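Novice: Just my_file_9.txt, nothing more (compact mmCIF, C-alpha atoms and all ligand atoms):
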# COMPACT_ATOMS: atom_id res chain seq x y z
CA MET Q 1 -25.02 -1.03 16.09
CA PRO Q 2 -22.90 1.79 17.51
CA THR Q 3 -23.50 5.19 15.96
CA PRO Q 4 -20.44 6.00 13.85
CA THR Q 5 -18.78 9.33 14.56
CA ALA Q 6 -18.50 11.78 11.67
CA PRO Q 7 -15.88 10.61 9.19
CA GLU Q 8 -12.67 12.52 8.63
CA ARG Q 9 -11.89 14.05 5.25
CA ILE Q 10 -8.36 14.17 3.95
CA GLU Q 11 -7.62 16.07 0.77
CA VAL Q 12 -4.98 15.03 -1.75
CA ARG Q 13 -4.04 18.06 -3.81
CA ALA Q 14 -2.14 16.35 -6.58
CA SER Q 15 -1.24 18.42 -9.61
CA SER Q 16 -3.23 16.17 -11.96
CA ARG Q 17 -6.45 16.18 -9.92
CA HIS Q 18 -7.81 16.66 -6.46
CA SER Q 19 -8.99 13.64 -4.52
CA THR Q 20 -10.76 13.22 -1.22
CA ILE Q 21 -10.19 10.45 1.28
CA ILE Q 22 -13.09 9.68 3.62
CA VAL Q 23 -12.05 7.73 6.72
CA GLY Q 24 -14.41 6.51 9.42
CA GLU Q 25 -16.28 3.61 10.92
CA GLY Q 26 -19.35 2.73 8.89
CA THR Q 27 -18.40 4.93 5.90
CA LEU Q 28 -19.28 2.07 3.54
CA ASP Q 29 -22.96 2.44 4.37
CA GLY Q 30 -22.81 5.97 2.98
CA LEU Q 31 -20.84 4.96 -0.12
CA ALA Q 32 -23.41 6.34 -2.59
CA THR Q 33 -23.25 9.76 -0.92
CA TRP Q 34 -19.44 9.92 -1.01
CA LEU Q 35 -19.41 8.90 -4.68
CA ASP Q 36 -22.11 11.45 -5.54
CA GLU Q 37 -20.24 14.20 -3.71
CA ALA Q 38 -17.04 13.38 -5.58
CA GLY Q 39 -18.88 13.39 -8.90
CA ALA Q 40 -18.04 9.72 -9.37
CA GLY Q 41 -20.37 8.92 -12.22
CA ARG Q 42 -24.07 8.28 -12.45
CA ARG Q 43 -23.26 4.89 -13.97
CA ARG Q 44 -20.98 2.89 -11.76
CA PHE Q 45 -19.17 -0.35 -12.43
CA ILE Q 46 -17.76 -2.24 -9.45
CA VAL Q 47 -14.58 -4.28 -9.75
CA SER Q 48 -13.86 -6.80 -6.99
CA ASN Q 49 -12.79 -10.41 -6.51
CA PRO Q 50 -14.90 -13.40 -5.40
CA LYS Q 51 -13.39 -13.52 -1.90
CA VAL Q 52 -13.93 -9.86 -1.04
CA TRP Q 53 -17.30 -9.79 -2.76
CA GLY Q 54 -18.44 -12.89 -0.85
CA LEU Q 55 -17.55 -11.17 2.44
CA HIS Q 56 -18.59 -7.58 1.79
CA GLY Q 57 -20.56 -7.54 -1.47
CA ALA Q 58 -23.96 -7.53 0.20
CA GLN Q 59 -23.11 -4.37 2.14
CA ILE Q 60 -21.76 -2.64 -0.98
CA GLN Q 61 -24.80 -3.67 -2.96
CA ARG Q 62 -27.11 -2.29 -0.28
CA ALA Q 63 -25.25 0.99 -0.58
CA LEU Q 64 -24.97 1.15 -4.38
CA GLY Q 65 -28.06 -0.64 -5.61
CA ASP Q 66 -27.79 -2.51 -8.87
CA ALA Q 67 -24.40 -1.31 -10.16
CA PRO Q 68 -22.91 -4.08 -12.35
CA VAL Q 69 -20.14 -6.10 -10.67
CA ILE Q 70 -17.06 -7.26 -12.53
CA LEU Q 71 -15.26 -10.02 -10.63
CA VAL Q 72 -11.58 -10.72 -11.33
CA PRO Q 73 -9.66 -13.71 -9.95
CA ASP Q 74 -7.99 -13.27 -6.57
CA GLY Q 75 -4.20 -13.07 -6.42
CA GLU Q 76 -1.12 -11.13 -7.51
CA ARG Q 77 -0.56 -13.50 -10.44
CA TYR Q 78 -3.78 -12.26 -12.01
CA LYS Q 79 -2.71 -8.61 -11.85
CA THR Q 80 -2.05 -8.63 -15.59
CA VAL Q 81 -2.95 -6.95 -18.86
CA ARG Q 82 -4.95 -10.06 -19.64
CA THR Q 83 -7.24 -9.68 -16.65
CA THR Q 84 -7.51 -5.96 -17.38
CA GLU Q 85 -8.84 -6.86 -20.84
CA LYS Q 86 -11.65 -8.77 -19.14
CA ILE Q 87 -12.51 -5.57 -17.28
CA TYR Q 88 -12.57 -3.64 -20.59
CA ASP Q 89 -14.81 -6.36 -22.10
CA ALA Q 90 -17.30 -6.06 -19.27
CA LEU Q 91 -17.25 -2.26 -19.46
CA ILE Q 92 -17.90 -2.24 -23.20
CA ARG Q 93 -20.63 -4.88 -23.01
CA GLY Q 94 -22.20 -3.00 -20.11
CA GLY Q 95 -22.31 0.19 -22.16
CA ALA Q 96 -19.81 2.18 -20.09
CA ASP Q 97 -19.08 5.64 -21.45
CA ARG Q 98 -16.89 8.59 -20.51
CA GLY Q 99 -19.31 9.58 -17.77
CA SER Q 100 -19.10 6.16 -16.09
CA ALA Q 101 -17.08 5.50 -12.94
CA LEU Q 102 -15.19 2.47 -11.83
CA VAL Q 103 -15.36 1.51 -8.15
CA ALA Q 104 -12.53 -0.77 -7.01
CA VAL Q 105 -13.50 -2.87 -3.98
CA GLY Q 106 -10.62 -4.95 -2.66
CA GLY Q 107 -6.97 -5.00 -1.70
CA GLY Q 108 -4.04 -3.51 -3.60
CA VAL Q 109 -4.27 -6.05 -6.40
CA VAL Q 110 -7.85 -5.14 -7.31
CA GLY Q 111 -7.15 -1.44 -6.74
CA ASP Q 112 -4.04 -1.31 -8.92
CA MET Q 113 -5.64 -3.25 -11.75
CA ALA Q 114 -9.08 -1.63 -11.69
CA GLY Q 115 -7.26 1.70 -11.40
CA PHE Q 116 -5.24 0.90 -14.50
CA ALA Q 117 -8.42 -0.06 -16.36
CA ALA Q 118 -9.96 3.28 -15.30
CA ALA Q 119 -6.83 5.18 -16.37
CA SER Q 120 -6.83 3.67 -19.84
CA PHE Q 121 -10.47 2.96 -20.74
CA LEU Q 122 -11.66 5.72 -23.13
CA ARG Q 123 -8.43 7.56 -22.17
CA GLY Q 124 -9.51 7.68 -18.57
CA ILE Q 125 -12.75 7.42 -16.61
CA THR Q 126 -13.49 8.36 -13.02
CA LEU Q 127 -12.06 6.04 -10.36
CA ALA Q 128 -13.15 5.45 -6.77
CA HIS Q 129 -11.32 3.20 -4.32
CA VAL Q 130 -12.90 1.18 -1.55
CA PRO Q 131 -9.79 -0.44 -0.07
CA THR Q 132 -10.42 -3.57 2.00
CA THR Q 133 -6.94 -4.53 3.21
CA LEU Q 134 -4.95 -2.48 5.69
CA LEU Q 135 -2.17 -2.14 3.11
CA ALA Q 136 -4.62 -0.77 0.56
CA GLN Q 137 -6.20 1.60 3.11
CA VAL Q 138 -2.92 3.19 4.18
CA ASP Q 139 -0.92 2.89 1.01
CA SER Q 140 -1.98 1.56 -2.39
CA SER Q 141 -5.34 3.34 -2.72
CA ILE Q 142 -3.72 6.74 -2.08
CA GLY Q 143 -1.47 8.54 -4.51
CA GLY Q 144 -2.70 7.56 -7.93
CA LYS Q 145 -0.17 4.90 -8.92
CA VAL Q 146 -2.03 2.21 -10.83
CA GLY Q 147 -0.75 -0.66 -12.89
CA VAL Q 148 -0.28 -4.32 -13.61
CA ASN Q 149 2.58 -6.79 -13.71
CA HIS Q 150 4.42 -8.18 -16.72
CA ALA Q 151 5.92 -11.67 -16.85
CA LEU Q 152 9.35 -9.99 -16.66
CA GLY Q 153 8.64 -7.78 -13.66
CA LYS Q 154 6.21 -6.28 -11.18
CA ASN Q 155 4.23 -3.11 -11.89
CA LEU Q 156 6.04 -2.56 -15.22
CA ILE Q 157 2.89 -1.35 -16.96
CA GLY Q 158 1.02 1.49 -15.36
CA ALA Q 159 -0.05 5.08 -15.08
CA PHE Q 160 -0.78 7.87 -12.66
CA HIS Q 161 -4.52 8.17 -12.22
CA GLN Q 162 -5.80 9.88 -9.10
CA PRO Q 163 -9.04 8.50 -7.66
CA ALA Q 164 -11.88 10.99 -7.27
CA VAL Q 165 -12.52 9.54 -3.84
CA VAL Q 166 -11.17 6.87 -1.50
CA VAL Q 167 -13.63 5.53 1.06
CA ILE Q 168 -11.90 3.86 4.00
CA ASP Q 169 -13.94 1.89 6.52
CA PRO Q 170 -11.79 0.07 9.11
CA LEU Q 171 -14.73 -2.26 9.89
CA VAL Q 172 -14.03 -4.24 6.68
CA LEU Q 173 -10.69 -5.27 8.16
CA GLY Q 174 -12.54 -7.51 10.63
CA THR Q 175 -12.46 -10.33 8.05
CA LEU Q 176 -8.83 -9.84 6.99
CA PRO Q 177 -6.52 -12.78 7.86
CA ARG Q 178 -4.02 -11.90 10.60
CA ARG Q 179 -1.00 -12.23 8.33
CA GLU Q 180 -2.48 -9.81 5.78
CA PHE Q 181 -3.37 -7.42 8.55
CA ARG Q 182 0.14 -7.55 9.95
CA SER Q 183 1.60 -6.98 6.48
CA GLY Q 184 -0.28 -3.67 6.36
CA LEU Q 185 0.88 -2.78 9.87
CA PHE Q 186 4.49 -2.67 8.66
CA GLU Q 187 3.52 0.17 6.32
CA VAL Q 188 2.01 1.97 9.30
CA VAL Q 189 5.31 1.45 11.14
CA LYS Q 190 6.99 2.97 8.09
CA TYR Q 191 4.87 6.13 8.36
CA GLY Q 192 5.86 6.40 12.01
CA MET Q 193 9.53 6.01 11.12
CA ILE Q 194 9.53 8.56 8.31
CA SER Q 195 7.17 11.12 9.71
CA SER Q 196 5.59 10.66 13.13
CA ARG Q 197 7.14 9.68 16.43
CA PRO Q 198 3.71 9.88 18.15
CA LEU Q 199 2.29 7.36 15.66
CA PHE Q 200 5.28 5.08 16.26
CA ASP Q 201 4.84 5.35 20.02
CA ARG Q 202 1.14 4.50 19.79
CA LEU Q 203 1.95 1.37 17.77
CA VAL Q 204 4.33 0.33 20.54
CA SER Q 205 1.93 0.97 23.40
CA HIS Q 206 -1.22 -0.40 21.71
CA THR Q 207 0.05 -3.39 19.75
CA ARG Q 208 -2.45 -5.82 21.24
CA ALA Q 209 -5.42 -3.53 20.71
CA LEU Q 210 -4.33 -3.07 17.10
CA PHE Q 211 -4.29 -6.80 16.48
CA ARG Q 212 -7.76 -6.98 18.07
CA ARG Q 213 -8.66 -4.35 15.48
CA ASP Q 214 -10.00 -2.15 18.22
CA PRO Q 215 -11.36 0.83 16.27
CA ALA Q 216 -10.32 3.26 19.00
CA VAL Q 217 -6.68 2.51 18.15
CA LEU Q 218 -6.92 1.30 14.57
CA LEU Q 219 -8.94 4.17 13.14
CA PRO Q 220 -6.53 6.94 14.25
CA ALA Q 221 -3.54 4.89 13.01
CA ILE Q 222 -5.13 4.48 9.57
CA ALA Q 223 -6.17 8.13 9.43
CA GLU Q 224 -2.72 9.39 10.38
CA SER Q 225 -1.04 7.11 7.84
CA ALA Q 226 -3.44 8.30 5.14
CA ARG Q 227 -2.77 11.93 6.10
CA ILE Q 228 0.99 11.41 5.84
CA LYS Q 229 0.74 9.76 2.44
CA ALA Q 230 -1.73 12.40 1.21
CA GLU Q 231 0.60 15.19 2.29
CA VAL Q 232 3.63 13.65 0.59
CA VAL Q 233 1.72 12.96 -2.64
CA SER Q 234 0.26 16.47 -2.65
CA ALA Q 235 3.79 17.86 -2.52
CA ASP Q 236 5.30 15.48 -5.08
CA GLU Q 237 2.85 13.46 -7.16
CA ARG Q 238 5.40 12.07 -9.62
CA GLU Q 239 8.11 11.06 -7.18
CA SER Q 240 10.72 13.56 -8.25
CA GLY Q 241 11.79 14.26 -4.66
CA LEU Q 242 9.87 14.07 -1.40
CA ARG Q 243 7.73 11.08 -2.45
CA ARG Q 244 10.89 8.98 -2.34
CA ILE Q 245 10.73 8.94 1.45
CA LEU Q 246 7.78 6.57 1.11
CA ASN Q 247 10.35 4.05 -0.12
CA PHE Q 248 11.92 3.75 3.33
CA GLY Q 249 12.69 0.05 3.79
CA HIS Q 250 11.66 -0.72 0.21
CA THR Q 251 14.99 -0.95 -1.62
CA VAL Q 252 16.02 -4.08 0.24
CA GLY Q 253 12.43 -5.17 0.90
CA HIS Q 254 11.69 -5.34 -2.83
CA ALA Q 255 14.91 -7.29 -3.39
CA PHE Q 256 13.91 -9.84 -0.73
CA GLU Q 257 10.52 -10.28 -2.40
CA SER Q 258 12.07 -10.60 -5.84
CA VAL Q 259 14.75 -13.20 -4.98
CA THR Q 260 12.10 -15.35 -3.28
CA HIS Q 261 9.78 -14.94 -6.31
CA TYR Q 262 7.11 -13.21 -4.20
CA ARG Q 263 6.34 -16.46 -2.41
CA ARG Q 264 8.03 -16.26 0.96
CA PHE Q 265 7.09 -12.83 2.25
CA ARG Q 266 3.97 -10.80 2.38
CA HIS Q 267 5.00 -7.35 1.14
CA GLY Q 268 4.99 -5.79 4.61
CA GLU Q 269 7.16 -8.56 6.05
CA ALA Q 270 9.85 -7.87 3.47
CA ILE Q 271 9.56 -4.16 4.29
CA GLY Q 272 10.01 -5.06 7.96
CA TYR Q 273 13.43 -6.46 7.09
CA GLY Q 274 14.14 -3.54 4.78
CA MET Q 275 13.45 -1.06 7.59
CA LEU Q 276 15.67 -3.00 10.00
CA LEU Q 277 18.49 -2.90 7.48
CA ALA Q 278 18.02 0.80 6.73
CA ALA Q 279 18.05 1.57 10.46
CA ASP Q 280 21.23 -0.45 10.92
CA LEU Q 281 22.87 1.40 8.05
CA GLY Q 282 21.80 4.68 9.65
CA VAL Q 283 23.45 3.76 12.94
CA VAL Q 284 26.67 2.60 11.26
CA ARG Q 285 26.78 5.89 9.32
CA GLY Q 286 26.24 7.81 12.51
CA VAL Q 287 23.01 9.48 11.40
CA LEU Q 288 20.51 7.48 13.51
CA PRO Q 289 20.75 7.08 17.29
CA GLU Q 290 21.19 3.44 18.34
CA ALA Q 291 18.26 3.81 20.77
CA ASP Q 292 15.94 4.54 17.81
CA ARG Q 293 17.19 1.52 15.87
CA ALA Q 294 16.66 -0.66 18.94
CA ALA Q 295 13.12 0.71 19.39
CA LEU Q 296 12.28 -0.18 15.78
CA ALA Q 297 13.74 -3.68 16.21
CA ARG Q 298 11.67 -4.17 19.40
CA LEU Q 299 8.45 -3.04 17.70
CA ILE Q 300 9.03 -5.30 14.70
CA ALA Q 301 9.76 -8.25 17.02
CA LYS Q 302 6.54 -7.45 18.91
CA LEU Q 303 4.54 -7.68 15.69
CA GLY Q 304 5.55 -11.34 15.41
CA THR Q 305 8.01 -13.70 13.76
CA LEU Q 306 9.16 -12.89 10.25
CA PRO Q 307 9.98 -15.54 7.61
CA PRO Q 308 13.65 -16.62 7.71
CA VAL Q 309 16.32 -14.87 5.62
CA ALA Q 310 19.56 -16.66 6.56
CA ASP Q 311 19.53 -18.73 3.35
CA LEU Q 312 19.07 -15.80 0.95
CA SER Q 313 21.98 -15.11 -1.39
CA ILE Q 314 23.63 -11.74 -0.85
CA THR Q 315 24.83 -11.75 -4.46
CA GLU Q 316 21.30 -12.27 -5.78
CA ILE Q 317 19.97 -9.55 -3.51
CA ILE Q 318 22.57 -7.05 -4.72
CA GLU Q 319 21.67 -7.96 -8.31
CA ALA Q 320 17.99 -7.42 -7.56
CA VAL Q 321 18.76 -4.01 -6.02
CA ARG Q 322 20.76 -3.12 -9.15
CA ARG Q 323 17.87 -4.18 -11.40
CA ASP Q 324 15.61 -1.92 -9.36
CA LYS Q 325 17.50 0.96 -11.09
CA LYS Q 326 18.34 2.71 -7.87
CA VAL Q 327 22.05 2.14 -8.47
CA VAL Q 328 24.14 4.68 -10.34
CA ASN Q 329 27.89 3.90 -10.73
CA SER Q 330 27.50 1.22 -8.04
CA ARG Q 331 26.26 3.86 -5.61
CA LEU Q 332 22.81 3.48 -4.28
CA HIS Q 333 19.98 5.90 -3.54
CA PHE Q 334 18.78 5.09 -0.07
CA VAL Q 335 16.22 6.50 2.36
CA LEU Q 336 17.66 6.66 5.86
CA CYS Q 337 15.99 7.71 9.07
CA THR Q 338 17.79 10.32 11.11
CA SER Q 339 15.50 9.74 14.10
CA ILE Q 340 12.11 8.11 14.53
CA GLY Q 341 9.96 10.52 12.53
CA THR Q 342 12.59 12.14 10.30
CA THR Q 343 14.42 11.02 7.16
CA ALA Q 344 17.28 11.84 4.83
CA VAL Q 345 17.76 10.55 1.30
CA VAL Q 346 21.38 9.74 0.46
CA ASP Q 347 22.86 8.69 -2.86
CA ASP Q 348 26.22 7.30 -1.86
CA VAL Q 349 25.54 3.92 -0.21
CA THR Q 350 28.06 1.48 -1.63
CA GLU Q 351 27.45 -2.17 -2.40
CA ASP Q 352 30.04 -3.12 0.20
CA GLU Q 353 28.15 -1.22 2.86
CA LEU Q 354 24.97 -2.97 1.82
CA LYS Q 355 26.66 -6.39 1.88
CA ALA Q 356 27.97 -5.80 5.39
CA ALA Q 357 24.50 -4.73 6.56
CA LEU Q 358 22.95 -7.85 5.02
CA VAL Q 359 25.47 -9.98 6.94
CA ARG Q 360 24.54 -8.18 10.18
CA LEU Q 361 20.88 -8.91 9.37
CA GLY Q 362 21.73 -12.63 9.44
CA LEU Q 363 22.43 -13.52 5.81
CA ARG Q 364 25.44 -15.68 5.02
CA SER Q 365 28.30 -13.80 3.41
N1 LIG Q 401 -0.39 1.61 -6.12
C1 LIG Q 401 0.40 1.73 -5.11
O1 LIG Q 401 0.85 2.83 -4.74
C2 LIG Q 401 0.78 0.50 -4.35
C3 LIG Q 401 1.43 0.60 -3.10
C4 LIG Q 401 1.69 -0.56 -2.40
C5 LIG Q 401 1.31 -1.80 -2.92
N2 LIG Q 401 0.69 -1.86 -4.13
C6 LIG Q 401 0.27 -3.15 -4.70
O2 LIG Q 401 -0.71 -3.72 -3.83
C7 LIG Q 401 -0.70 -5.12 -4.01
C8 LIG Q 401 -0.80 -5.80 -2.66
O3 LIG Q 401 -2.01 -5.42 -2.04
P1 LIG Q 401 -2.60 -6.22 -0.78
O4 LIG Q 401 -1.53 -6.46 0.20
O5 LIG Q 401 -3.82 -5.51 -0.38
O6 LIG Q 401 -2.90 -7.66 -1.39
P2 LIG Q 401 -4.21 -8.31 -2.09
O7 LIG Q 401 -4.97 -7.32 -2.83
O8 LIG Q 401 -3.72 -9.51 -2.82
O9 LIG Q 401 -5.06 -8.76 -0.82
C9 LIG Q 401 -4.56 -9.78 0.02
C10 LIG Q 401 -5.60 -10.89 0.21
O10 LIG Q 401 -6.63 -10.44 1.10
C11 LIG Q 401 -7.92 -10.66 0.50
N3 LIG Q 401 -8.80 -9.63 1.06
C12 LIG Q 401 -8.91 -8.33 0.71
N4 LIG Q 401 -9.73 -7.68 1.55
C13 LIG Q 401 -10.17 -8.60 2.45
C14 LIG Q 401 -11.02 -8.53 3.57
N5 LIG Q 401 -11.55 -7.38 3.98
N6 LIG Q 401 -11.25 -9.67 4.27
C15 LIG Q 401 -10.65 -10.84 3.90
N7 LIG Q 401 -9.81 -10.95 2.87
C16 LIG Q 401 -9.58 -9.85 2.14
C17 LIG Q 401 -7.63 -10.56 -0.98
O11 LIG Q 401 -8.67 -11.16 -1.73
C18 LIG Q 401 -6.30 -11.30 -1.07
O12 LIG Q 401 -6.52 -12.68 -1.05
C19 LIG Q 401 0.53 -5.46 -4.80
O13 LIG Q 401 0.17 -5.80 -6.12
C20 LIG Q 401 1.34 -4.17 -4.80
O14 LIG Q 401 2.12 -4.01 -5.97
C21 LIG Q 401 0.42 -0.73 -4.84
ZN ZN Q 402 5.16 -0.89 0.54
Using structure tokens, write down the structure that the file contains.
Specialist:
Amino acid sequence: MPTPTAPERIEVRASSRHSTIIVGEGTLDGLATWLDEAGAGRRRFIVSNPKVWGLHGAQIQRALGDAPVILVPDGERYKTVRTTEKIYDALIRGGADRGSALVAVGGGVVGDMAGFAAASFLRGITLAHVPTTLLAQVDSSIGGKVGVNHALGKNLIGAFHQPAVVVIDPLVLGTLPRREFRSGLFEVVKYGMISSRPLFDRLVSHTRALFRRDPAVLLPAIAESARIKAEVVSADERESGLRRILNFGHTVGHAFESVTHYRRFRHGEAIGYGMLLAADLGVVRGVLPEADRAALARLIAKLGTLPPVADLSITEIIEAVRRDKKVVNSRLHFVLCTSIGTTAVVDDVTEDELKAALVRLGLRS
């Protein structure tokens, strides 16, 4: 086994609590140390799902000894209050108290739900994240948003609960299906677009190595993404201003996911379209150079084919955007890029502008 280099530490200085992100190859083997350092409970309860636990449970167990494991079913449709109750049951039966910690091992679904359980159990116990998808490593495990879905909408029930520590080991991504991996890559593209031209350029020049999950390329991309998110969250934990830039590509992306009932797109794929549309809008408004839009379009094409969108209803998409509450007096809050690596938030995008951009993206008018 190669000797892992010393992990990087990234600090999230949120107003509610401080958290530390540990990123490096092989960091999972030192999990007990990272949890101890962060004060993450003497008594630990692990939450995972059967798939992730089957693949990586043995390694976690070697690191954490006999911590009880609570398995929840795999899949977004189980990210519910009902499943969370099963976590509470297991915590109560296992004798968890205010000094216990919950360790979420899995993708964003496990992290959001276990995080919500930790936020609410006994009015809040310590949380640690061990994210095992690329999306969870660069996005959902950082920033303290936790929650579950309701039958009437996604993430309607939730809280802010910062993890004490997030332990990111890119080696766990070796077992991640290619489509899931690529879904996470779109979020990395987003970080490049909103904040780092060098990151964007590295994604362009090392696409193949990324898909091979070559740690020499993957690890720095994850670490830079985590640093960007940590910095934004430290400045604006509750999304009153700066944190909104993380929504680049998400207004339309969420609408695409919603009108297809979360079945057609992986989250990142929908965000891929959302970013293309936002870039197009930027060019039409004269705030983004056409060369930058074209570079984004080339990178997204290089990442592979996206599910089709031509059949989606523009009317339904506009309705979904409206429901997303980002519309005030039929004017829309929108994150635009002003170049690769810089953004501007505007609040005057009209529905007509959006419709025209959707048509240019290939939807039928
Ligand atoms: N809290 C936040 O700030 C935030 C941000 C973005 C997304 N989210 C949430 O994250 C969720 C999506 O997360 P996701 O994309 O990680 O999906 P996911 O958690 O459903 O994981 C995708 C699939 O990969 C499997 N998996 C996980 N790790 C694996 C591994 N190492 N090897 C093989 N398979 C593995 C999972 O079991 C699942 O089947 C959504 O519910 C979304 O709302 C939250
Ligand atoms: Zn996202």
Novice: Do you have the CA of Thr80 in chain Q-CA of Gly147 in chain Q distance handy?
Specialist: 8.5 Å
Novice: Using all atoms listed in the file, what table do you get, as a Markdown table, when you list each residue of chain Q with an atom no more than 7 Å from ligand ZN 402 (chain Q), its nearest pair of atoms, and their distance in Å rounded to one decimal, rows by chain then rising number?
Specialist:
| residue | atom | partner | partner_atom | distance |
| --- | --- | --- | --- | --- |
| Q:Glu187 | CA | Q:ZN402 | ZN | 6.1 |
| Q:His250 | CA | Q:ZN402 | ZN | 6.5 |
| Q:His267 | CA | Q:ZN402 | ZN | 6.5 |
| Q:Gly268 | CA | Q:ZN402 | ZN | 6.4 |
| Q:Ile271 | CA | Q:ZN402 | ZN | 6.6 |
Novice: Give me, as an MDAnalysis selection string, all polymer residues having an atom no more than 12 Å from Gly39 in chain Q, counting only C-alpha atoms and skipping those fewer than 5 positions away in the same chain.
Specialist: chainID Q and resid 18:20 32:34 44 99:102 125:128 163:165
Novice: Would you name the residues within 8 Å of ligand LIG 401 (chain Q), counting all atoms listed in the file, and put them as a PyMOL selection string?
Specialist: chain Q and resi 49-52+55-56+74-76+79+106-112+131-136+139-148+154-155+172-177+180+183-184+266-268
Novice: What does the distance from CA of Asp324 in chain Q to CA of Ser258 in chain Q come to in Å, to one decimal?
Specialist: 10.0 Å
Novice: For CA of Arg178 in chain Q and CA of Gly304 in chain Q, quote the distance in Å rounded to one decimal.
Specialist: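 Going from CA of Arg178 in chain Q over to CA of Gly304 in chain Q, I get 10.7 Å.
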Novice: Select, from Q:Glu8, Q:Asp97, Q:Asp169, Q:Asp352, the residue with the minimum atom-to-atom distance to Leu281 in chain Q, counting all atoms listed in the file.
Specialist: Q:Asp352
Novice: Using all atoms listed in the file, which of the listed residues (Q:Ala114, Q:Val204, Q:Val47, Q:Val69) sits closest to Ala301 in chain Q?
Specialist: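 Ranked by minimum distance to Ala301 in chain Q, first place goes to Q:Val204.
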Novice: Point out the residue among Q:Ser48, Q:Thr27, Q:Ser365, Q:Thr83 with the least atom-to-atom distance to Ile70 in chain Q, counting all atoms listed in the file.
Specialist: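 Nearest candidate to Ile70 in chain Q out of Q:Ser48, Q:Thr27, Q:Ser365, Q:Thr83: Q:Ser48.
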Novice: Nearest to Leu361 in chain Q: which of Q:Arg323, Q:Ala295, Q:Gly272, Q:Gly57 is it, counting all atoms listed in the file?
Specialist: Q:Gly272
Novice: Kindly reconstruct range 103-114 of chain Q with N, CA and C atoms and present the result as a CSV table (one decimal), in the coordinates of the input.
Specialist:
chain,number,residue,atom,x,y,z
Q,103,VAL,N,-15.5,1.6,-9.6
Q,103,VAL,CA,-15.4,1.5,-8.2
Q,103,VAL,C,-14.6,0.2,-7.8
Q,104,ALA,N,-13.4,0.4,-7.3
Q,104,ALA,CA,-12.5,-0.8,-7.0
Q,104,ALA,C,-12.8,-1.2,-5.6
Q,105,VAL,N,-13.2,-2.4,-5.3
Q,105,VAL,CA,-13.5,-2.9,-4.0
Q,105,VAL,C,-12.6,-4.1,-3.7
Q,106,GLY,N,-11.5,-3.8,-2.9
Q,106,GLY,CA,-10.6,-5.0,-2.7
Q,106,GLY,C,-9.3,-4.4,-2.1
Q,107,GLY,N,-8.3,-5.3,-2.1
Q,107,GLY,CA,-7.0,-5.0,-1.7
Q,107,GLY,C,-6.2,-4.3,-2.8
Q,108,GLY,N,-4.9,-4.2,-2.6
Q,108,GLY,CA,-4.0,-3.5,-3.6
Q,108,GLY,C,-4.1,-4.1,-5.0
Q,109,VAL,N,-4.3,-5.4,-5.1
Q,109,VAL,CA,-4.3,-6.0,-6.4
Q,109,VAL,C,-5.5,-5.6,-7.2
Q,110,VAL,N,-6.6,-5.6,-6.6
Q,110,VAL,CA,-7.8,-5.1,-7.3
Q,110,VAL,C,-7.7,-3.6,-7.6
Q,111,GLY,N,-7.2,-2.9,-6.6
Q,111,GLY,CA,-7.2,-1.4,-6.7
Q,111,GLY,C,-6.2,-1.0,-7.8
Q,112,ASP,N,-5.0,-1.7,-7.9
Q,112,ASP,CA,-4.0,-1.3,-8.9
Q,112,ASP,C,-4.6,-1.6,-10.3
Q,113,MET,N,-5.2,-2.8,-10.4
Q,113,MET,CA,-5.6,-3.2,-11.8
Q,113,MET,C,-6.9,-2.5,-12.2
Q,114,ALA,N,-7.9,-2.4,-11.3
Q,114,ALA,CA,-9.1,-1.6,-11.7
Q,114,ALA,C,-8.7,-0.2,-12.0
